[in-house]
>>> print(open('coords_21.cif').read())   # mmCIF, C-alpha atoms; chains and numbers go by the auth columns
data_target
#
loop_
_atom_site.group_PDB
_atom_site.id
_atom_site.type_symbol
_atom_site.label_atom_id
_atom_site.label_comp_id
_atom_site.label_asym_id
_atom_site.label_seq_id
_atom_site.Cartn_x
_atom_site.Cartn_y
_atom_site.Cartn_z
_atom_site.B_iso_or_equiv
_atom_site.auth_seq_id
_atom_site.auth_asym_id
ATOM 1 C CA MET A 1 -15.936 -42.220 60.776 0.00 993 Y
ATOM 2 C CA LYS A 2 -12.453 -43.425 61.652 0.00 994 Y
ATOM 3 C CA LYS A 3 -11.726 -44.069 57.967 0.00 995 Y
ATOM 4 C CA ILE A 4 -12.903 -40.583 56.968 0.00 996 Y
ATOM 5 C CA TYR A 5 -10.678 -39.043 59.630 0.00 997 Y
ATOM 6 C CA PHE A 6 -7.772 -41.170 58.376 0.00 998 Y
ATOM 7 C CA ILE A 7 -8.280 -40.093 54.728 0.00 999 Y
ATOM 8 C CA LEU A 8 -8.745 -36.448 55.730 0.00 1000 Y
ATOM 9 C CA ARG A 9 -5.511 -36.513 57.732 0.00 1001 Y
ATOM 10 C CA TYR A 10 -3.569 -37.921 54.776 0.00 1002 Y
ATOM 11 C CA PHE A 11 -5.187 -35.376 52.439 0.00 1003 Y
ATOM 12 C CA ILE A 12 -4.185 -32.467 54.713 0.00 1004 Y
ATOM 13 C CA TYR A 13 -0.608 -33.814 54.836 0.00 1005 Y
ATOM 14 C CA TYR A 14 -0.675 -34.056 51.032 0.00 1006 Y
ATOM 15 C CA ILE A 15 -1.850 -30.449 50.596 0.00 1007 Y
ATOM 16 C CA ILE A 16 0.673 -29.046 53.112 0.00 1008 Y
ATOM 17 C CA GLY A 17 3.453 -31.026 51.426 0.00 1009 Y
ATOM 18 C CA LEU A 18 2.354 -29.965 47.952 0.00 1010 Y
ATOM 19 C CA ILE A 19 2.385 -26.273 48.890 0.00 1011 Y
ATOM 20 C CA SER A 20 5.819 -26.572 50.546 0.00 1012 Y
ATOM 21 C CA PHE A 21 7.272 -28.627 47.692 0.00 1013 Y
ATOM 22 C CA SER A 22 5.916 -26.261 44.991 0.00 1014 Y
ATOM 23 C CA THR A 23 7.176 -23.161 46.816 0.00 1015 Y
ATOM 24 C CA ILE A 24 10.676 -24.591 47.297 0.00 1016 Y
ATOM 25 C CA ALA A 25 10.827 -25.936 43.729 0.00 1017 Y
ATOM 26 C CA PHE A 26 9.589 -22.630 42.266 0.00 1018 Y
ATOM 27 C CA ILE A 27 12.126 -20.520 44.214 0.00 1019 Y
ATOM 28 C CA SER A 28 14.937 -22.910 43.287 0.00 1020 Y
ATOM 29 C CA GLN A 29 13.839 -22.868 39.630 0.00 1021 Y
ATOM 30 C CA ARG A 30 13.742 -19.052 39.489 0.00 1022 Y
ATOM 31 C CA ILE A 31 17.196 -18.767 41.090 0.00 1023 Y
ATOM 32 C CA MET A 32 18.669 -21.360 38.708 0.00 1024 Y
ATOM 33 C CA LEU A 33 17.086 -19.699 35.664 0.00 1025 Y
ATOM 34 C CA ALA A 34 18.361 -16.307 36.791 0.00 1026 Y
ATOM 35 C CA ILE A 35 21.875 -17.778 37.046 0.00 1027 Y
ATOM 36 C CA LEU A 36 21.631 -19.426 33.620 0.00 1028 Y
ATOM 37 C CA LEU A 37 20.228 -16.313 31.940 0.00 1029 Y
ATOM 38 C CA GLU A 38 22.542 -13.997 33.901 0.00 1030 Y
ATOM 39 C CA ASN A 39 19.376 -12.228 34.870 0.00 1031 Y
ATOM 40 C CA VAL A 40 18.151 -10.382 37.945 0.00 1032 Y
ATOM 41 C CA ILE A 41 15.270 -11.850 39.982 0.00 1033 Y
ATOM 42 C CA ASP A 42 12.406 -9.391 40.157 0.00 1034 Y
ATOM 43 C CA PRO A 43 9.903 -10.575 42.811 0.00 1035 Y
ATOM 44 C CA ARG A 44 7.285 -8.059 41.678 0.00 1036 Y
ATOM 45 C CA GLN A 45 7.442 -9.384 38.123 0.00 1037 Y
ATOM 46 C CA ASP A 46 7.306 -12.962 39.389 0.00 1038 Y
ATOM 47 C CA LEU A 47 4.243 -12.211 41.512 0.00 1039 Y
ATOM 48 C CA TYR A 48 2.608 -10.540 38.527 0.00 1040 Y
ATOM 49 C CA ASN A 49 3.218 -13.641 36.419 0.00 1041 Y
ATOM 50 C CA LEU A 50 2.386 -16.092 39.203 0.00 1042 Y
ATOM 51 C CA LEU A 51 -0.794 -17.343 37.525 0.00 1043 Y
ATOM 52 C CA ASN A 52 1.050 -17.990 34.257 0.00 1044 Y
ATOM 53 C CA TYR A 53 3.782 -19.876 36.101 0.00 1045 Y
ATOM 54 C CA ALA A 54 1.219 -21.868 38.068 0.00 1046 Y
ATOM 55 C CA LEU A 55 -0.567 -22.862 34.871 0.00 1047 Y
ATOM 56 C CA SER A 56 2.577 -23.779 32.967 0.00 1048 Y
ATOM 57 C CA PHE A 57 4.612 -25.491 35.719 0.00 1049 Y
ATOM 58 C CA GLY A 58 1.845 -26.478 38.179 0.00 1050 Y
ATOM 59 C CA PRO A 59 0.954 -29.801 36.520 0.00 1051 Y
ATOM 60 C CA TYR A 60 4.626 -30.885 36.564 0.00 1052 Y
ATOM 61 C CA TYR A 61 4.933 -30.000 40.259 0.00 1053 Y
ATOM 62 C CA LEU A 62 1.696 -31.847 40.983 0.00 1054 Y
ATOM 63 C CA ILE A 63 2.817 -35.023 39.182 0.00 1055 Y
ATOM 64 C CA ALA A 64 6.304 -34.967 40.743 0.00 1056 Y
ATOM 65 C CA TYR A 65 4.963 -34.337 44.241 0.00 1057 Y
ATOM 66 C CA SER A 66 2.233 -36.991 43.945 0.00 1058 Y
ATOM 67 C CA ILE A 67 4.848 -39.618 43.010 0.00 1059 Y
ATOM 68 C CA LEU A 68 7.112 -38.439 45.847 0.00 1060 Y
ATOM 69 C CA TYR A 69 4.213 -38.474 48.329 0.00 1061 Y
ATOM 70 C CA PHE A 70 3.248 -42.056 47.524 0.00 1062 Y
ATOM 71 C CA ILE A 71 6.883 -43.148 47.808 0.00 1063 Y
ATOM 72 C CA ILE A 72 7.130 -41.385 51.206 0.00 1064 Y
ATOM 73 C CA VAL A 73 3.855 -42.935 52.449 0.00 1065 Y
ATOM 74 C CA TYR A 74 5.001 -46.386 51.278 0.00 1066 Y
ATOM 75 C CA CYS A 75 8.409 -46.008 52.969 0.00 1067 Y
ATOM 76 C CA VAL A 76 6.909 -44.697 56.232 0.00 1068 Y
ATOM 77 C CA ARG A 77 4.419 -47.591 56.392 0.00 1069 Y
ATOM 78 C CA LYS A 78 7.237 -50.064 55.700 0.00 1070 Y
ATOM 79 C CA TYR A 79 9.317 -48.443 58.444 0.00 1071 Y
ATOM 80 C CA ASP A 80 6.328 -48.558 60.823 0.00 1072 Y
ATOM 81 C CA ARG A 81 5.874 -52.282 60.182 0.00 1073 Y
ATOM 82 C CA TYR A 82 9.590 -52.856 60.658 0.00 1074 Y
ATOM 83 C CA ILE A 83 9.538 -51.018 64.005 0.00 1075 Y
ATOM 84 C CA VAL A 84 6.400 -52.868 65.158 0.00 1076 Y
ATOM 85 C CA ASN A 85 7.928 -56.248 64.185 0.00 1077 Y
ATOM 86 C CA LYS A 86 11.137 -55.347 65.974 0.00 1078 Y
ATOM 87 C CA LEU A 87 9.223 -54.373 69.117 0.00 1079 Y
ATOM 88 C CA ASN A 88 7.143 -57.562 68.933 0.00 1080 Y
ATOM 89 C CA GLU A 89 10.294 -59.664 68.690 0.00 1081 Y
ATOM 90 C CA LYS A 90 11.782 -57.836 71.673 0.00 1082 Y
ATOM 91 C CA LEU A 91 8.554 -58.389 73.603 0.00 1083 Y
ATOM 92 C CA LYS A 92 8.562 -62.095 72.706 0.00 1084 Y
ATOM 93 C CA LYS A 93 12.166 -62.411 73.831 0.00 1085 Y
ATOM 94 C CA LEU A 94 11.382 -60.586 77.062 0.00 1086 Y
ATOM 95 C CA LYS A 95 8.418 -62.892 77.712 0.00 1087 Y
ATOM 96 C CA ILE A 96 10.563 -65.999 77.061 0.00 1088 Y
ATOM 97 C CA ASP A 97 13.291 -64.666 79.351 0.00 1089 Y
ATOM 98 C CA ASN A 98 10.727 -63.946 82.049 0.00 1090 Y
ATOM 99 C CA LYS A 99 9.316 -67.471 81.715 0.00 1091 Y
ATOM 100 C CA LYS A 100 12.806 -68.984 81.911 0.00 1092 Y
ATOM 101 C CA ASN A 101 13.591 -66.911 84.973 0.00 1093 Y
ATOM 102 C CA SER A 102 10.358 -67.900 86.667 0.00 1094 Y
ATOM 103 C CA PHE A 103 11.024 -71.621 85.920 0.00 1095 Y
ATOM 104 C CA GLY A 104 14.576 -71.313 87.140 0.00 1096 Y
ATOM 105 C CA GLY A 105 13.331 -69.694 90.302 0.00 1097 Y
ATOM 106 C CA ASN A 106 10.960 -72.580 90.983 0.00 1098 Y
ATOM 107 C CA ILE A 107 13.664 -75.232 90.445 0.00 1099 Y
ATOM 108 C CA ASN A 108 16.190 -73.462 92.615 0.00 1100 Y
ATOM 109 C CA GLY A 109 13.631 -72.484 95.173 0.00 1101 Y
ATOM 110 C CA MET B 1 11.721 -40.449 69.314 0.00 495 S
ATOM 111 C CA GLY B 2 10.994 -42.743 66.338 0.00 496 S
ATOM 112 C CA LYS B 3 8.169 -40.468 65.184 0.00 497 S
ATOM 113 C CA ASP B 4 10.437 -37.408 65.376 0.00 498 S
ATOM 114 C CA LYS B 5 12.988 -39.154 63.181 0.00 499 S
ATOM 115 C CA VAL B 6 10.329 -39.962 60.597 0.00 500 S
ATOM 116 C CA VAL B 7 9.050 -36.362 60.534 0.00 501 S
ATOM 117 C CA ILE B 8 12.597 -34.999 60.120 0.00 502 S
ATOM 118 C CA ALA B 9 13.306 -37.504 57.337 0.00 503 S
ATOM 119 C CA VAL B 10 10.071 -36.664 55.502 0.00 504 S
ATOM 120 C CA VAL B 11 10.583 -32.883 55.749 0.00 505 S
ATOM 121 C CA THR B 12 14.226 -33.200 54.606 0.00 506 S
ATOM 122 C CA THR B 13 13.158 -35.383 51.668 0.00 507 S
ATOM 123 C CA ILE B 14 10.519 -32.871 50.577 0.00 508 S
ATOM 124 C CA VAL B 15 12.936 -29.913 50.857 0.00 509 S
ATOM 125 C CA PHE B 16 15.780 -31.590 48.955 0.00 510 S
ATOM 126 C CA SER B 17 13.454 -33.061 46.340 0.00 511 S
ATOM 127 C CA GLY B 18 11.914 -29.611 45.835 0.00 512 S
ATOM 128 C CA ILE B 19 15.340 -28.018 45.313 0.00 513 S
ATOM 129 C CA LEU B 20 16.470 -30.760 42.938 0.00 514 S
ATOM 130 C CA PHE B 21 13.215 -30.708 40.994 0.00 515 S
ATOM 131 C CA GLY B 22 13.410 -26.906 40.661 0.00 516 S
ATOM 132 C CA ILE B 23 16.952 -27.132 39.282 0.00 517 S
ATOM 133 C CA LEU B 24 15.870 -29.870 36.883 0.00 518 S
ATOM 134 C CA MET B 25 12.898 -27.804 35.692 0.00 519 S
ATOM 135 C CA ALA B 26 15.130 -24.747 35.184 0.00 520 S
ATOM 136 C CA TYR B 27 17.534 -26.750 33.015 0.00 521 S
ATOM 137 C CA THR B 28 14.646 -28.292 31.074 0.00 522 S
ATOM 138 C CA THR B 29 13.121 -24.860 30.432 0.00 523 S
ATOM 139 C CA TYR B 30 16.467 -23.355 29.490 0.00 524 S
ATOM 140 C CA TYR B 31 17.414 -26.053 26.995 0.00 525 S
ATOM 141 C CA SER B 32 13.920 -26.733 25.645 0.00 526 S
ATOM 142 C CA PRO B 33 13.213 -25.954 21.955 0.00 527 S
ATOM 143 C CA MET B 34 12.336 -22.352 21.193 0.00 528 S
ATOM 144 C CA LYS B 35 8.571 -22.024 20.722 0.00 529 S
ATOM 145 C CA VAL B 36 7.524 -20.114 17.596 0.00 530 S
ATOM 146 C CA TYR B 37 4.275 -19.556 15.721 0.00 531 S
ATOM 147 C CA SER B 38 5.828 -20.485 12.393 0.00 532 S
ATOM 148 C CA ILE B 39 9.235 -22.082 11.885 0.00 533 S
ATOM 149 C CA GLU B 40 9.504 -20.906 8.284 0.00 534 S
ATOM 150 C CA ASP B 41 8.659 -17.287 9.158 0.00 535 S
ATOM 151 C CA THR B 42 11.198 -17.235 11.991 0.00 536 S
ATOM 152 C CA VAL B 43 13.903 -18.748 9.768 0.00 537 S
ATOM 153 C CA SER B 44 13.199 -16.211 7.029 0.00 538 S
ATOM 154 C CA MET B 45 13.287 -13.447 9.664 0.00 539 S
ATOM 155 C CA LEU B 46 16.705 -14.649 10.817 0.00 540 S
ATOM 156 C CA LYS B 47 17.958 -14.896 7.233 0.00 541 S
ATOM 157 C CA SER B 48 16.601 -11.538 6.073 0.00 542 S
ATOM 158 C CA ASN B 49 19.221 -8.891 5.561 0.00 543 S
ATOM 159 C CA LEU B 50 17.731 -5.432 5.888 0.00 544 S
ATOM 160 C CA ASP B 51 20.732 -3.148 5.454 0.00 545 S
ATOM 161 C CA GLU B 52 18.754 0.037 5.998 0.00 546 S
ATOM 162 C CA ASP B 53 17.198 -1.157 9.282 0.00 547 S
ATOM 163 C CA ASP B 54 19.945 -1.678 11.838 0.00 548 S
ATOM 164 C CA ARG B 55 17.490 -1.741 14.717 0.00 549 S
ATOM 165 C CA PHE B 56 16.046 -4.962 13.297 0.00 550 S
ATOM 166 C CA LYS B 57 19.404 -6.642 13.943 0.00 551 S
ATOM 167 C CA MET B 58 18.763 -6.302 17.677 0.00 552 S
ATOM 168 C CA TYR B 59 15.653 -8.479 17.385 0.00 553 S
ATOM 169 C CA GLN B 60 17.448 -10.904 15.096 0.00 554 S
ATOM 170 C CA LEU B 61 20.269 -11.260 17.615 0.00 555 S
ATOM 171 C CA TYR B 62 17.760 -11.714 20.434 0.00 556 S
ATOM 172 C CA VAL B 63 16.003 -14.538 18.551 0.00 557 S
ATOM 173 C CA PHE B 64 19.372 -16.025 17.597 0.00 558 S
ATOM 174 C CA ASN B 65 20.503 -16.032 21.260 0.00 559 S
ATOM 175 C CA GLU B 66 17.279 -17.747 22.306 0.00 560 S
ATOM 176 C CA LEU B 67 17.690 -20.321 19.542 0.00 561 S
ATOM 177 C CA SER B 68 21.367 -20.976 20.251 0.00 562 S
ATOM 178 C CA ARG B 69 20.566 -22.581 23.653 0.00 563 S
ATOM 179 C CA SER B 70 18.969 -25.675 22.157 0.00 564 S
ATOM 180 C CA CYS B 71 19.432 -25.102 18.374 0.00 565 S
ATOM 181 C CA LYS B 72 15.837 -26.328 18.046 0.00 566 S
ATOM 182 C CA MET B 73 12.561 -24.666 17.107 0.00 567 S
ATOM 183 C CA ARG B 74 9.125 -25.941 17.981 0.00 568 S
ATOM 184 C CA ASP B 75 5.998 -24.933 16.092 0.00 569 S
ATOM 185 C CA LYS B 76 3.296 -23.937 18.608 0.00 570 S
ATOM 186 C CA GLU B 77 0.475 -24.891 16.232 0.00 571 S
ATOM 187 C CA THR B 78 1.656 -28.202 14.815 0.00 572 S
ATOM 188 C CA GLY B 79 4.184 -29.251 17.459 0.00 573 S
ATOM 189 C CA GLU B 80 6.790 -29.857 14.765 0.00 574 S
ATOM 190 C CA ILE B 81 10.401 -29.646 15.956 0.00 575 S
ATOM 191 C CA ARG B 82 13.271 -28.615 13.684 0.00 576 S
ATOM 192 C CA LYS B 83 16.898 -28.961 14.654 0.00 577 S
ATOM 193 C CA PHE B 84 19.502 -26.593 13.212 0.00 578 S
ATOM 194 C CA THR B 85 23.026 -27.624 12.348 0.00 579 S
ATOM 195 C CA LYS B 86 26.115 -25.660 13.339 0.00 580 S
ATOM 196 C CA SER B 87 26.561 -24.390 9.775 0.00 581 S
ATOM 197 C CA GLU B 88 22.964 -23.119 9.704 0.00 582 S
ATOM 198 C CA MET B 89 23.498 -21.339 13.023 0.00 583 S
ATOM 199 C CA ASP B 90 26.728 -19.814 11.699 0.00 584 S
ATOM 200 C CA GLU B 91 24.845 -18.650 8.623 0.00 585 S
ATOM 201 C CA PHE B 92 22.255 -16.878 10.786 0.00 586 S
ATOM 202 C CA TYR B 93 24.977 -15.225 12.826 0.00 587 S
ATOM 203 C CA THR B 94 26.827 -14.062 9.716 0.00 588 S
ATOM 204 C CA THR B 95 23.616 -12.658 8.210 0.00 589 S
ATOM 205 C CA ILE B 96 22.918 -10.684 11.373 0.00 590 S
ATOM 206 C CA GLY B 97 26.494 -9.474 11.438 0.00 591 S
ATOM 207 C CA GLY B 98 27.018 -10.713 14.969 0.00 592 S
ATOM 208 C CA LYS B 99 27.059 -8.729 18.149 0.00 593 S
ATOM 209 C CA GLU B 100 29.453 -6.260 16.509 0.00 594 S
ATOM 210 C CA ALA B 101 26.692 -5.074 14.142 0.00 595 S
ATOM 211 C CA VAL B 102 24.392 -4.351 17.090 0.00 596 S
ATOM 212 C CA ILE B 103 27.155 -2.564 19.028 0.00 597 S
ATOM 213 C CA LYS B 104 27.953 -0.528 15.904 0.00 598 S
ATOM 214 C CA TYR B 105 24.280 0.457 15.553 0.00 599 S
ATOM 215 C CA LEU B 106 24.063 1.440 19.226 0.00 600 S
ATOM 216 C CA THR B 107 27.314 3.411 19.063 0.00 601 S
ATOM 217 C CA ASN B 108 26.165 5.361 16.003 0.00 602 S
ATOM 218 C CA ILE B 109 22.919 6.675 17.500 0.00 603 S
ATOM 219 C CA LYS B 110 23.235 10.443 17.604 0.00 604 S
ATOM 220 C CA ASP B 111 20.389 11.448 19.911 0.00 605 S
ATOM 221 C CA GLU B 112 21.491 10.904 23.538 0.00 606 S
ATOM 222 C CA LYS B 113 18.024 10.186 24.896 0.00 607 S
ATOM 223 C CA GLU B 114 17.311 7.663 22.180 0.00 608 S
ATOM 224 C CA LYS B 115 20.761 6.127 22.653 0.00 609 S
ATOM 225 C CA ARG B 116 20.165 5.661 26.370 0.00 610 S
ATOM 226 C CA GLN B 117 16.763 4.103 25.741 0.00 611 S
ATOM 227 C CA GLU B 118 18.107 1.743 23.096 0.00 612 S
ATOM 228 C CA LEU B 119 21.073 0.737 25.254 0.00 613 S
ATOM 229 C CA GLU B 120 18.814 -0.032 28.210 0.00 614 S
ATOM 230 C CA TYR B 121 16.422 -1.912 25.963 0.00 615 S
ATOM 231 C CA ALA B 122 19.240 -3.995 24.485 0.00 616 S
ATOM 232 C CA CYS B 123 20.798 -4.683 27.873 0.00 617 S
ATOM 233 C CA TYR B 124 17.857 -5.191 30.237 0.00 618 S
ATOM 234 C CA GLU B 125 14.996 -6.264 27.967 0.00 619 S
ATOM 235 C CA LEU B 126 16.606 -8.151 25.101 0.00 620 S
ATOM 236 C CA LYS B 127 19.756 -9.066 27.059 0.00 621 S
ATOM 237 C CA ILE B 128 21.932 -9.004 23.960 0.00 622 S
ATOM 238 C CA ILE B 129 24.635 -6.792 25.469 0.00 623 S
ATOM 239 C CA SER B 130 26.162 -6.946 28.932 0.00 624 S
ATOM 240 C CA SER B 131 26.073 -4.086 31.435 0.00 625 S
ATOM 241 C CA GLU B 132 29.850 -3.619 30.898 0.00 626 S
ATOM 242 C CA GLU B 133 29.258 -3.149 27.177 0.00 627 S
ATOM 243 C CA LEU B 134 26.430 -0.721 27.945 0.00 628 S
ATOM 244 C CA ASN B 135 28.745 1.368 30.127 0.00 629 S
ATOM 245 C CA GLU B 136 31.516 1.218 27.542 0.00 630 S
ATOM 246 C CA ILE B 137 29.261 2.421 24.706 0.00 631 S
ATOM 247 C CA TRP B 138 27.736 5.107 26.913 0.00 632 S
ATOM 248 C CA ASN B 139 31.111 6.379 28.107 0.00 633 S
ATOM 249 C CA ASN B 140 32.591 6.448 24.579 0.00 634 S
ATOM 250 C CA ARG B 141 29.858 8.710 23.174 0.00 635 S
#
>>> encode(input="coords_21.cif", output="structure tokens")
Amino acid sequence: MKKIYFILRYFIYYIIGLISFSTIAFISQRIMLAILLENVIDPRQDLYNLLNYALSFGPYYLIAYSILYFIIVYCVRKYDRYIVNKLNEKLKKLKIDNKKNSFGGNING
Amino acid sequence: MGKDKVVIAVVTTIVFSGILFGILMAYTTYYSPMKVYSIEDTVSMLKSNLDEDDRFKMYQLYVFNELSRSCKMRDKETGEIRKFTKSEMDEFYTTIGGKEAVIKYLTNIKDEKEKRQELEYACYELKIISSEELNEIWNNR
């Protein structure tokens, strides 16, 4: 159950990211093409041709985003481990310091 | 605090990657080979010199402009790609008569309604003349 929830959460993140990435990439692509072609952006025309665009550019967006997503997930997990290790080291140090202090207290006391 | 940083970093990465990827795709599309149904037919169309049909030059110039971005044609059926040299491109341009031939044709149209339609078609649909040229031709009628 926990595993299913974990996979579902990652899948939802993937879908949200894919939609955001595709939207941003598509808008940026249309603006750049309009600049290159010295053309005017017509949102009505773009909406009319949305299915054609999705079919022709969608697979590229999907591949690019999937690669990016796995890189992000890998980096975040690495960062998580780094943070956890750092915290563990701090905790260890704190425990050692506490022990030293308690020993010192006994000797002096 | 650490989680917030990660979320900000992830969102920023997605936004910037999206922008960069969009720009990259636009350049790829713009400079990709021109897709045609038959390379030979398109080349013969560009080389044909129909003196009596000046309107045809508009289409020739449109195809030439599309081709001049990458100087390459790609056959939709076979996937064959043919690259054109500078001399071949110059030959096409000379056969068409250049932009001057199209401007001459547009200037010589007598009927005002037809002239307006052709000018708008050349400027906004085929994009072979600029809006300044459109105004100039229209004002010099």
>>> closest_residue(input="coords_21.cif", among="S:Glu534, S:Glu560, S:Glu614, S:Glu627", to="chain Y", atoms="only C-alpha atoms")
S:Glu560
>>> closest_residue(input="coords_21.cif", among="S:Thr506, S:Gln554, S:Asn543, S:Ser511", to="chain Y", atoms="only C-alpha atoms")
S:Ser511
>>> closest_residue(input="coords_21.cif", among="S:Asn629, S:Ala616, S:Asp498, S:Cys565", to="Ser581 of chain S", atoms="all atoms listed in the file")
S:Cys565
>>> closest_atom_pairs(input="coords_21.cif", of="chain Y", to="chain S", cutoff="10 Å", atoms="all atoms listed in the file", output="Markdown table")
| residue | atom | partner | partner_atom | distance |
| --- | --- | --- | --- | --- |
| Y:Gly1009 | CA | S:Ile508 | CA | 7.4 |
| Y:Leu1010 | CA | S:Ile508 | CA | 9.1 |
| Y:Ser1012 | CA | S:Ile508 | CA | 7.9 |
| Y:Phe1013 | CA | S:Gly512 | CA | 5.1 |
| Y:Ser1014 | CA | S:Gly512 | CA | 6.9 |
| Y:Thr1015 | CA | S:Gly512 | CA | 8.1 |
| Y:Ile1016 | CA | S:Gly512 | CA | 5.4 |
| Y:Ala1017 | CA | S:Gly516 | CA | 4.1 |
| Y:Phe1018 | CA | S:Gly516 | CA | 6.0 |
| Y:Ile1019 | CA | S:Gly516 | CA | 7.4 |
| Y:Ser1020 | CA | S:Gly516 | CA | 5.0 |
| Y:Gln1021 | CA | S:Gly516 | CA | 4.2 |
| Y:Arg1022 | CA | S:Ala520 | CA | 7.3 |
| Y:Ile1023 | CA | S:Ile517 | CA | 8.6 |
| Y:Met1024 | CA | S:Ala520 | CA | 6.0 |
| Y:Leu1025 | CA | S:Ala520 | CA | 5.4 |
| Y:Ala1026 | CA | S:Ala520 | CA | 9.2 |
| Y:Ile1027 | CA | S:Ala520 | CA | 9.9 |
| Y:Leu1028 | CA | S:Tyr524 | CA | 7.7 |
| Y:Leu1029 | CA | S:Tyr524 | CA | 8.4 |
| Y:Glu1030 | CA | S:Lys621 | CA | 8.9 |
| Y:Asn1031 | CA | S:Lys621 | CA | 8.4 |
| Y:Val1032 | CA | S:Tyr618 | CA | 9.3 |
| Y:Phe1049 | CA | S:Met519 | CA | 8.6 |
| Y:Tyr1052 | CA | S:Met519 | CA | 8.9 |
| Y:Tyr1053 | CA | S:Phe515 | CA | 8.3 |
| Y:Ala1056 | CA | S:Phe515 | CA | 8.1 |
| Y:Tyr1057 | CA | S:Ile508 | CA | 8.6 |
| Y:Leu1060 | CA | S:Ile508 | CA | 8.1 |
| Y:Tyr1061 | CA | S:Ile508 | CA | 8.7 |
| Y:Ile1064 | CA | S:Val504 | CA | 7.0 |
| Y:Val1065 | CA | S:Val504 | CA | 9.3 |
| Y:Cys1067 | CA | S:Val504 | CA | 9.8 |
| Y:Val1068 | CA | S:Val500 | CA | 7.3 |
| Y:Tyr1071 | CA | S:Val500 | CA | 8.8 |
| Y:Asp1072 | CA | S:Gly496 | CA | 9.3 |
| Y:Ile1075 | CA | S:Gly496 | CA | 8.7 |
>>> atom_distance(input="coords_21.cif", atom1="atom CA of Pro1035 of chain Y", atom2="atom CA of Ser625 of chain S")
20.8 Å
>>> residues_around(input="coords_21.cif", residues="Lys609 of chain S", least_positions_apart="4", cutoff="10 Å", atoms="all atoms listed in the file", output="list in words")
Tyr599, Leu600, Thr601, Asn602, Ile603, Lys604, Asp605, Leu613, Glu614, Tyr615, Ile631, Trp632 and Arg635 of chain S
>>> atom_distance(input="coords_21.cif", atom1="atom CA of Ile996 of chain Y", atom2="atom CA of Lys1078 of chain Y")
29.6 Å
>>> resolve_selection(input="coords_21.cif", expression="the PyMOL selection byres ((chain S and resi 580) around 12)", output="PyMOL selection string")
chain S and resi 561-562+564-566+577-579+581-587
>>> resolve_selection(input="coords_21.cif", expression="the PyMOL selection byres ((chain S and resi 567-574) around 6)", output="CSV table (one decimal) with C-alpha atoms, in the frame of the given file")
chain,number,residue,atom,x,y,z
S,527,PRO,CA,13.2,-26.0,22.0
S,528,MET,CA,12.3,-22.4,21.2
S,529,LYS,CA,8.6,-22.0,20.7
S,530,VAL,CA,7.5,-20.1,17.6
S,531,TYR,CA,4.3,-19.6,15.7
S,532,SER,CA,5.8,-20.5,12.4
S,566,LYS,CA,15.8,-26.3,18.0
S,575,ILE,CA,10.4,-29.6,16.0
S,576,ARG,CA,13.3,-28.6,13.7
>>> atom_distance(input="coords_21.cif", atom1="atom CA of Val557 of chain S", atom2="atom CA of Leu540 of chain S")
7.8 Å
>>> resolve_selection(input="coords_21.cif", expression="the PyMOL selection byres ((chain S and resi 548-550) around 10)", output="list in words")
Met539, Ser542, Asn543, Leu544, Asp545, Glu546, Asp547, Lys551, Met552, Tyr553, Gln554, Leu555, Tyr556, Ile590, Ala595, Val596, Lys598, Tyr599, Leu600 and Glu612 of chain S
>>> write_last_selection(input="coords_21.cif", atoms="C-alpha atoms", output="short mmCIF file (atom, residue, chain, number, x, y, z; two decimals), in the coordinates of the input")
data_model
loop_
_atom_site.label_atom_id
_atom_site.label_comp_id
_atom_site.auth_asym_id
_atom_site.auth_seq_id
_atom_site.Cartn_x
_atom_site.Cartn_y
_atom_site.Cartn_z
CA MET S 539 13.29 -13.45 9.66
CA SER S 542 16.60 -11.54 6.07
CA ASN S 543 19.22 -8.89 5.56
CA LEU S 544 17.73 -5.43 5.89
CA ASP S 545 20.73 -3.15 5.45
CA GLU S 546 18.75 0.04 6.00
CA ASP S 547 17.20 -1.16 9.28
CA LYS S 551 19.40 -6.64 13.94
CA MET S 552 18.76 -6.30 17.68
CA TYR S 553 15.65 -8.48 17.39
CA GLN S 554 17.45 -10.90 15.10
CA LEU S 555 20.27 -11.26 17.61
CA TYR S 556 17.76 -11.71 20.43
CA ILE S 590 22.92 -10.68 11.37
CA ALA S 595 26.69 -5.07 14.14
CA VAL S 596 24.39 -4.35 17.09
CA LYS S 598 27.95 -0.53 15.90
CA TYR S 599 24.28 0.46 15.55
CA LEU S 600 24.06 1.44 19.23
CA GLU S 612 18.11 1.74 23.10
#
>>> axis_aligned_box(input="coords_21.cif", around="segment 551-564 of chain S", padding_each_side="8 Å", output="JSON")
{"center_x": 18.5, "center_y": -16.0, "center_z": 18.8, "size_x": 21.7, "size_y": 35.4, "size_z": 25.7}
